[in-house]
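Enquirer: One file is attached below, protein.pdb, containing PDB, C-alpha atoms.
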ATOM      1  CA  MET X   6     -17.459 -13.861  15.646
ATOM      2  CA  GLU X   7     -15.454 -11.377  17.673
ATOM      3  CA  LYS X   8     -14.183  -8.266  15.924
ATOM      4  CA  ILE X   9     -10.409  -8.401  15.535
ATOM      5  CA  ALA X  10      -8.372  -5.776  17.373
ATOM      6  CA  SER X  11      -7.380  -3.723  14.319
ATOM      7  CA  PHE X  12     -11.056  -3.229  13.415
ATOM      8  CA  THR X  13     -11.784  -1.694  16.830
ATOM      9  CA  ILE X  14      -9.582   1.371  16.160
ATOM     10  CA  ASP X  15     -11.536   4.477  15.179
ATOM     11  CA  HIS X  16     -10.181   5.028  11.671
ATOM     12  CA  ILE X  17     -12.053   8.338  11.406
ATOM     13  CA  LYS X  18      -9.851   9.804  14.169
ATOM     14  CA  LEU X  19      -6.667   7.958  13.132
ATOM     15  CA  GLU X  20      -3.835  10.107  11.769
ATOM     16  CA  PRO X  21      -0.428   9.159  10.391
ATOM     17  CA  GLY X  22       1.919   7.988  13.135
ATOM     18  CA  ILE X  23       3.531   4.987  14.790
ATOM     19  CA  TYR X  24       1.204   2.920  16.952
ATOM     20  CA  VAL X  25       1.405  -0.332  18.888
ATOM     21  CA  SER X  26      -1.288  -2.391  17.216
ATOM     22  CA  ARG X  27      -1.009  -5.459  19.432
ATOM     23  CA  LYS X  28       1.276  -7.618  21.521
ATOM     24  CA  ASP X  29       1.274 -11.381  21.157
ATOM     25  CA  TYR X  30       3.015 -14.020  23.185
ATOM     26  CA  VAL X  31       4.854 -16.980  21.700
ATOM     27  CA  GLY X  32       5.799 -18.963  24.770
ATOM     28  CA  ALA X  33       7.611 -16.476  27.001
ATOM     29  CA  GLU X  34       8.506 -14.167  24.093
ATOM     30  CA  VAL X  35       6.560 -11.015  23.215
ATOM     31  CA  ILE X  36       5.994  -9.996  19.594
ATOM     32  CA  THR X  37       4.998  -6.336  19.197
ATOM     33  CA  THR X  38       3.062  -5.385  16.074
ATOM     34  CA  PHE X  39       3.425  -1.757  15.026
ATOM     35  CA  ASP X  40       0.988   0.153  12.828
ATOM     36  CA  LEU X  41       3.072   2.504  10.685
ATOM     37  CA  ARG X  42       0.263   4.703   9.408
ATOM     38  CA  ILE X  43       1.438   6.673   6.386
ATOM     39  CA  THR X  44      -1.791   8.272   5.145
ATOM     40  CA  SER X  45      -4.912   9.401   6.974
ATOM     41  CA  PRO X  46      -7.510   6.625   6.493
ATOM     42  CA  ASN X  47     -10.647   7.486   4.529
ATOM     43  CA  ASP X  48      -9.375  11.066   4.186
ATOM     44  CA  GLU X  49      -6.311  11.011   1.931
ATOM     45  CA  PRO X  50      -5.657   8.926  -1.178
ATOM     46  CA  VAL X  51      -4.197   5.499  -0.463
ATOM     47  CA  MET X  52      -0.796   4.457  -1.767
ATOM     48  CA  ASN X  53      -0.661   2.582  -5.052
ATOM     49  CA  THR X  54       0.709  -0.947  -5.166
ATOM     50  CA  ALA X  55       3.884  -0.022  -7.053
ATOM     51  CA  GLU X  56       5.142   2.403  -4.404
ATOM     52  CA  ILE X  57       3.997   0.129  -1.579
ATOM     53  CA  HIS X  58       5.922  -2.730  -3.178
ATOM     54  CA  THR X  59       9.029  -0.554  -3.509
ATOM     55  CA  ILE X  60       8.799   0.641   0.110
ATOM     56  CA  GLU X  61       8.378  -2.981   1.195
ATOM     57  CA  HIS X  62      11.566  -4.054  -0.630
ATOM     58  CA  LEU X  63      13.595  -1.092   0.613
ATOM     59  CA  GLY X  64      12.198  -1.180   4.157
ATOM     60  CA  ALA X  65      12.768  -4.911   4.558
ATOM     61  CA  THR X  66      16.301  -4.573   3.185
ATOM     62  CA  TYR X  67      17.057  -1.715   5.568
ATOM     63  CA  LEU X  68      15.560  -3.436   8.621
ATOM     64  CA  ARG X  69      17.306  -6.749   8.025
ATOM     65  CA  ASN X  70      20.640  -4.943   7.759
ATOM     66  CA  SER X  71      20.106  -2.658  10.760
ATOM     67  CA  ASP X  72      21.096  -3.053  14.398
ATOM     68  CA  TRP X  73      17.518  -4.351  14.910
ATOM     69  CA  LYS X  74      17.907  -7.225  12.424
ATOM     70  CA  ASP X  75      17.727  -9.928  15.107
ATOM     71  CA  LYS X  76      14.363  -8.549  16.303
ATOM     72  CA  VAL X  77      12.697  -8.207  12.880
ATOM     73  CA  ILE X  78       9.888 -10.713  12.323
ATOM     74  CA  TYR X  79       7.987  -9.078   9.451
ATOM     75  CA  PHE X  80       7.551  -5.821   7.539
ATOM     76  CA  GLY X  81       4.764  -5.490   4.996
ATOM     77  CA  PRO X  82       1.813  -3.481   3.737
ATOM     78  CA  MET X  83      -1.696  -3.177   5.133
ATOM     79  CA  GLY X  84      -4.449  -4.371   2.845
ATOM     80  CA  CYS X  85      -6.098  -0.931   3.001
ATOM     81  CA  ARG X  86      -2.912   0.595   1.530
ATOM     82  CA  THR X  87      -2.671   3.338   4.173
ATOM     83  CA  GLY X  88       0.414   1.974   5.943
ATOM     84  CA  PHE X  89       2.591  -0.948   6.939
ATOM     85  CA  TYR X  90       2.861  -3.451   9.757
ATOM     86  CA  LEU X  91       6.183  -4.046  11.466
ATOM     87  CA  LEU X  92       6.501  -7.014  13.811
ATOM     88  CA  LEU X  93       9.441  -6.990  16.213
ATOM     89  CA  ALA X  94      10.501  -9.398  18.925
ATOM     90  CA  GLY X  95      10.258  -7.741  22.323
ATOM     91  CA  ASP X  96       7.839  -5.908  24.576
ATOM     92  CA  LEU X  97       8.183  -2.514  22.919
ATOM     93  CA  ALA X  98       6.507   0.905  22.849
ATOM     94  CA  SER X  99       6.023   3.154  19.827
ATOM     95  CA  SER X 100       8.616   5.583  21.168
ATOM     96  CA  ASP X 101      11.214   2.778  21.103
ATOM     97  CA  ILE X 102      11.253   2.697  17.293
ATOM     98  CA  VAL X 103      10.958   6.371  16.315
ATOM     99  CA  THR X 104      14.678   6.623  15.537
ATOM    100  CA  LEU X 105      14.644   3.325  13.639
ATOM    101  CA  MET X 106      11.648   4.405  11.550
ATOM    102  CA  THR X 107      13.135   7.844  10.906
ATOM    103  CA  GLU X 108      16.376   6.288   9.694
ATOM    104  CA  MET X 109      14.526   3.694   7.592
ATOM    105  CA  PHE X 110      12.350   6.284   5.864
ATOM    106  CA  GLU X 111      15.385   8.525   5.283
ATOM    107  CA  PHE X 112      17.027   5.526   3.587
ATOM    108  CA  ILE X 113      13.918   5.050   1.422
ATOM    109  CA  ARG X 114      13.657   8.787   0.658
ATOM    110  CA  ASP X 115      17.308   8.968  -0.408
ATOM    111  CA  PHE X 116      17.556   5.647  -2.242
ATOM    112  CA  ARG X 117      18.546   5.776  -5.898
ATOM    113  CA  GLY X 118      19.428   2.968  -8.255
ATOM    114  CA  GLU X 119      18.176  -0.571  -8.643
ATOM    115  CA  VAL X 120      15.682  -1.612  -5.952
ATOM    116  CA  PRO X 121      17.000  -4.653  -4.042
ATOM    117  CA  GLY X 122      15.224  -7.825  -5.107
ATOM    118  CA  ALA X 123      13.548  -6.184  -8.113
ATOM    119  CA  SER X 124      14.312  -8.910 -10.631
ATOM    120  CA  ALA X 125      12.342 -11.788 -12.101
ATOM    121  CA  LYS X 126      14.574 -14.235 -10.233
ATOM    122  CA  ASP X 127      14.078 -12.552  -6.838
ATOM    123  CA  CYS X 128      10.470 -11.310  -6.876
ATOM    124  CA  GLY X 129       7.082 -12.539  -8.046
ATOM    125  CA  ASN X 130       5.994  -9.138  -9.383
ATOM    126  CA  TYR X 131       9.252  -7.282  -9.976
ATOM    127  CA  LEU X 132       7.857  -4.932 -12.636
ATOM    128  CA  ASP X 133       5.361  -3.387 -10.186
ATOM    129  CA  MET X 134       7.759  -0.855  -8.644
ATOM    130  CA  ASN X 135       7.776   2.941  -8.451
ATOM    131  CA  LEU X 136      10.925   4.276  -6.812
ATOM    132  CA  GLY X 137      10.110   7.940  -7.457
ATOM    133  CA  MET X 138       6.791   7.679  -5.619
ATOM    134  CA  ALA X 139       8.390   5.621  -2.829
ATOM    135  CA  ASN X 140      10.968   8.415  -2.389
ATOM    136  CA  TYR X 141       8.147  10.987  -2.308
ATOM    137  CA  ILE X 142       5.996   9.066   0.200
ATOM    138  CA  ALA X 143       8.979   8.490   2.484
ATOM    139  CA  ASP X 144       9.838  12.212   2.372
ATOM    140  CA  ARG X 145       6.222  13.168   3.093
ATOM    141  CA  TYR X 146       6.004  10.751   6.053
ATOM    142  CA  LEU X 147       9.251  12.137   7.459
ATOM    143  CA  GLU X 148       8.268  15.785   7.078
ATOM    144  CA  LYS X 149       4.613  15.541   8.147
ATOM    145  CA  THR X 150       4.883  12.814  10.784
ATOM    146  CA  LEU X 151       8.240  11.470  11.936
ATOM    147  CA  TYR X 152      10.248  14.664  12.339
ATOM    148  CA  GLY X 153       8.889  16.114  15.571
ATOM    149  CA  ILE X 154       6.434  13.282  16.254
ATOM    150  CA  ASP X 155       4.455  13.833  19.452
ATOM    151  CA  GLY X 156       2.604  11.597  21.901
ATOM    152  CA  LYS X 157      -0.680  12.017  20.046
ATOM    153  CA  HIS X 158       0.798  10.173  17.073
ATOM    154  CA  LEU X 159       2.339   7.386  19.154
ATOM    155  CA  VAL X 160      -0.868   6.136  20.839
ATOM    156  CA  TYR X 161      -4.123   5.196  19.085
ATOM    157  CA  PRO X 162      -6.896   7.793  19.440
ATOM    158  CA  GLU X 163      -9.681   7.060  21.899
TER
END
Could you take the file, read its structure, and then write that structure out as structure tokens?

Expert:
Amino acid sequence: MEKIASFTIDHIKLEPGIYVSRKDYVGAEVITTFDLRITSPNDEPVMNTAEIHTIEHLGATYLRNSDWKDKVIYFGPMGCRTGFYLLLAGDLASSDIVTLMTEMFEFIRDFRGEVPGASAKDCGNYLDMNLGMANYIADRYLEKTLYGIDGKHLVYPE
């Protein structure tokens, strides 16, 4: 079997950033998949499920209420727990979403109160949430990666 595209990226060289993971075509439409890498793979601790789950709820809520809402296909965690995938309609580059991601992670960093969708009626695992850690991870991603992001962290390493 052929190795899938995401397994061809050198995860030893990969640092936190925003990367175009792939582009797929559905008819004439392009779907761009972004790799929102939050932690350095195989180097830093991975995120726990509770904070990932909280970031997923807050990020999806933010995205689906943003000016980009008509382009949002999917936002969710990577199985390795080092980041998230964001799928958007359109032939896009990483630089196109830096402002969107900065604003989204500022929203997550600053969010207080009841997490949207965190109830037994709305979610299949509503007790597995950690807002404090989600706030912390969002702040860390902003400070270490998004604020002042450069070209090196917008294109996968060779």

Enquirer: Show which residues sit within 10 Å of region 75-90 of chain X, as an NGL selection string. Count all atoms listed in the file, and ignore same-chain residues fewer than 3 positions away.

Expert: :X and (21-26 or 36-47 or 49-54 or 57-58 or 60-62 or 64-66 or 68-72 or 93-95)

Enquirer: Would you kindly translate the PyMOL selection byres ((chain X and resi 14) around 12) into the concrete residues it picks from this file, as a VMD selection string?

Expert: chain X and resid 8 to 13 15 to 20 24 to 27 40 46 160 to 163

Enquirer: Taking all atoms listed in the file into account, which of X:Leu105, X:Val120, X:Val31, X:Leu91 comes nearest Ala139 (chain X)?

Expert: X:Val120

Enquirer: Please evaluate the PyMOL selection byres ((chain X and resi 151) around 12) against the structure above and give the resulting residues as a ChimeraX atom specification.

Expert: /X:21-23,41-43,99-100,102-111,143-150,152-156,158-159

Enquirer: Quick one: residues within 6 Å of Val35 (chain X), all atoms listed in the file, excluding same-chain residues fewer than 5 positions away - as a PyMOL selection string?

Expert: chain X and resi 29-30+95-96

Enquirer: Please measure the separation of CA of Phe112 (chain X) and CA of Asn130 (chain X), giving the value in Å to one decimal.

Expert: 22.5 Å

Enquirer: Work out how far CA of Gly129 (chain X) is from CA of Arg117 (chain X), in Å to one decimal.

Expert: 21.7 Å

Enquirer: Please define a box with edges along x, y and z of the file around all atoms of region 34-49 of chain X given in the file, extend it by 8 Å on each side, and return its centre and edge lengths in Å to one decimal, as JSON.

Expert:
{"center_x": -1.1, "center_y": -1.6, "center_z": 13.0, "size_x": 35.2, "size_y": 41.2, "size_z": 38.2}

Enquirer: All heavy atoms are what I want for region 77-88 of chain X; can you complete it accordingly and write them as a PDB file, in the coordinates of the input?

Expert:
ATOM      1  N   VAL X  77      13.663  -8.360  13.963  1.00  0.00           N
ATOM      2  CA  VAL X  77      12.697  -8.207  12.880  1.00  0.00           C
ATOM      3  C   VAL X  77      12.023  -9.542  12.569  1.00  0.00           C
ATOM      4  O   VAL X  77      12.685 -10.525  12.248  1.00  0.00           O
ATOM      5  CB  VAL X  77      13.357  -7.646  11.603  1.00  0.00           C
ATOM      6  CG1 VAL X  77      12.349  -7.577  10.450  1.00  0.00           C
ATOM      7  CG2 VAL X  77      13.952  -6.271  11.877  1.00  0.00           C
ATOM      8  N   ILE X  78      10.687  -9.545  12.668  1.00  0.00           N
ATOM      9  CA  ILE X  78       9.888 -10.713  12.323  1.00  0.00           C
ATOM     10  C   ILE X  78       9.268 -10.509  10.939  1.00  0.00           C
ATOM     11  O   ILE X  78       9.318 -11.397  10.091  1.00  0.00           O
ATOM     12  CB  ILE X  78       8.754 -10.951  13.354  1.00  0.00           C
ATOM     13  CG1 ILE X  78       9.288 -10.991  14.786  1.00  0.00           C
ATOM     14  CG2 ILE X  78       7.934 -12.172  12.994  1.00  0.00           C
ATOM     15  CD1 ILE X  78      10.214 -12.142  15.098  1.00  0.00           C
ATOM     16  N   TYR X  79       8.709  -9.326  10.702  1.00  0.00           N
ATOM     17  CA  TYR X  79       7.987  -9.078   9.451  1.00  0.00           C
ATOM     18  C   TYR X  79       7.822  -7.583   9.225  1.00  0.00           C
ATOM     19  O   TYR X  79       7.607  -6.825  10.166  1.00  0.00           O
ATOM     20  CB  TYR X  79       6.599  -9.735   9.516  1.00  0.00           C
ATOM     21  CG  TYR X  79       5.691  -9.407   8.355  1.00  0.00           C
ATOM     22  CD1 TYR X  79       5.847 -10.042   7.123  1.00  0.00           C
ATOM     23  CD2 TYR X  79       4.685  -8.457   8.489  1.00  0.00           C
ATOM     24  CE1 TYR X  79       5.017  -9.725   6.055  1.00  0.00           C
ATOM     25  CE2 TYR X  79       3.854  -8.144   7.424  1.00  0.00           C
ATOM     26  CZ  TYR X  79       4.024  -8.776   6.212  1.00  0.00           C
ATOM     27  OH  TYR X  79       3.209  -8.464   5.160  1.00  0.00           O
ATOM     28  N   PHE X  80       7.895  -7.173   7.954  1.00  0.00           N
ATOM     29  CA  PHE X  80       7.551  -5.821   7.539  1.00  0.00           C
ATOM     30  C   PHE X  80       6.773  -5.938   6.240  1.00  0.00           C
ATOM     31  O   PHE X  80       7.255  -6.537   5.274  1.00  0.00           O
ATOM     32  CB  PHE X  80       8.813  -4.970   7.307  1.00  0.00           C
ATOM     33  CG  PHE X  80       8.525  -3.627   6.702  1.00  0.00           C
ATOM     34  CD1 PHE X  80       7.918  -2.630   7.444  1.00  0.00           C
ATOM     35  CD2 PHE X  80       8.848  -3.361   5.374  1.00  0.00           C
ATOM     36  CE1 PHE X  80       7.641  -1.389   6.889  1.00  0.00           C
ATOM     37  CE2 PHE X  80       8.583  -2.121   4.803  1.00  0.00           C
ATOM     38  CZ  PHE X  80       7.976  -1.133   5.562  1.00  0.00           C
ATOM     39  N   GLY X  81       5.557  -5.404   6.215  1.00  0.00           N
ATOM     40  CA  GLY X  81       4.764  -5.490   4.996  1.00  0.00           C
ATOM     41  C   GLY X  81       3.559  -4.573   5.038  1.00  0.00           C
ATOM     42  O   GLY X  81       3.219  -3.994   6.069  1.00  0.00           O
ATOM     43  N   PRO X  82       2.901  -4.445   3.883  1.00  0.00           N
ATOM     44  CA  PRO X  82       1.813  -3.481   3.737  1.00  0.00           C
ATOM     45  C   PRO X  82       0.497  -3.927   4.353  1.00  0.00           C
ATOM     46  O   PRO X  82       0.210  -5.122   4.470  1.00  0.00           O
ATOM     47  CB  PRO X  82       1.661  -3.362   2.220  1.00  0.00           C
ATOM     48  CG  PRO X  82       2.103  -4.685   1.710  1.00  0.00           C
ATOM     49  CD  PRO X  82       3.199  -5.139   2.637  1.00  0.00           C
ATOM     50  N   MET X  83      -0.310  -2.945   4.715  1.00  0.00           N
ATOM     51  CA  MET X  83      -1.696  -3.177   5.133  1.00  0.00           C
ATOM     52  C   MET X  83      -2.543  -3.353   3.876  1.00  0.00           C
ATOM     53  O   MET X  83      -2.293  -2.698   2.868  1.00  0.00           O
ATOM     54  CB  MET X  83      -2.228  -1.973   5.912  1.00  0.00           C
ATOM     55  CG  MET X  83      -1.521  -1.712   7.188  1.00  0.00           C
ATOM     56  SD  MET X  83      -2.165  -0.190   7.922  1.00  0.00           S
ATOM     57  CE  MET X  83      -1.199  -0.191   9.419  1.00  0.00           C
ATOM     58  N   GLY X  84      -3.553  -4.169   3.966  1.00  0.00           N
ATOM     59  CA  GLY X  84      -4.449  -4.371   2.845  1.00  0.00           C
ATOM     60  C   GLY X  84      -5.148  -3.104   2.399  1.00  0.00           C
ATOM     61  O   GLY X  84      -5.457  -2.924   1.221  1.00  0.00           O
ATOM     62  N   CYS X  85      -5.403  -2.178   3.326  1.00  0.00           N
ATOM     63  CA  CYS X  85      -6.098  -0.931   3.001  1.00  0.00           C
ATOM     64  C   CYS X  85      -5.199   0.068   2.267  1.00  0.00           C
ATOM     65  O   CYS X  85      -5.674   1.094   1.798  1.00  0.00           O
ATOM     66  CB  CYS X  85      -6.677  -0.293   4.254  1.00  0.00           C
ATOM     67  SG  CYS X  85      -5.421   0.174   5.466  1.00  0.00           S
ATOM     68  N   ARG X  86      -3.903  -0.222   2.230  1.00  0.00           N
ATOM     69  CA  ARG X  86      -2.912   0.595   1.530  1.00  0.00           C
ATOM     70  C   ARG X  86      -2.701   1.968   2.154  1.00  0.00           C
ATOM     71  O   ARG X  86      -2.350   2.924   1.483  1.00  0.00           O
ATOM     72  CB  ARG X  86      -3.238   0.710   0.033  1.00  0.00           C
ATOM     73  CG  ARG X  86      -3.207  -0.636  -0.661  1.00  0.00           C
ATOM     74  CD  ARG X  86      -3.409  -0.539  -2.158  1.00  0.00           C
ATOM     75  NE  ARG X  86      -4.771  -0.121  -2.453  1.00  0.00           N
ATOM     76  CZ  ARG X  86      -5.102   0.627  -3.503  1.00  0.00           C
ATOM     77  NH1 ARG X  86      -4.204   1.049  -4.352  1.00  0.00           N
ATOM     78  NH2 ARG X  86      -6.373   0.946  -3.707  1.00  0.00           N
ATOM     79  N   THR X  87      -2.923   2.080   3.474  1.00  0.00           N
ATOM     80  CA  THR X  87      -2.671   3.338   4.173  1.00  0.00           C
ATOM     81  C   THR X  87      -1.428   3.263   5.063  1.00  0.00           C
ATOM     82  O   THR X  87      -1.093   4.244   5.724  1.00  0.00           O
ATOM     83  CB  THR X  87      -3.877   3.766   5.036  1.00  0.00           C
ATOM     84  OG1 THR X  87      -4.104   2.795   6.049  1.00  0.00           O
ATOM     85  CG2 THR X  87      -5.119   3.951   4.179  1.00  0.00           C
ATOM     86  N   GLY X  88      -0.759   2.112   5.098  1.00  0.00           N
ATOM     87  CA  GLY X  88       0.414   1.974   5.943  1.00  0.00           C
ATOM     88  C   GLY X  88       1.014   0.586   5.877  1.00  0.00           C
ATOM     89  O   GLY X  88       0.705  -0.201   4.977  1.00  0.00           O
TER      90      GLY X  88
END
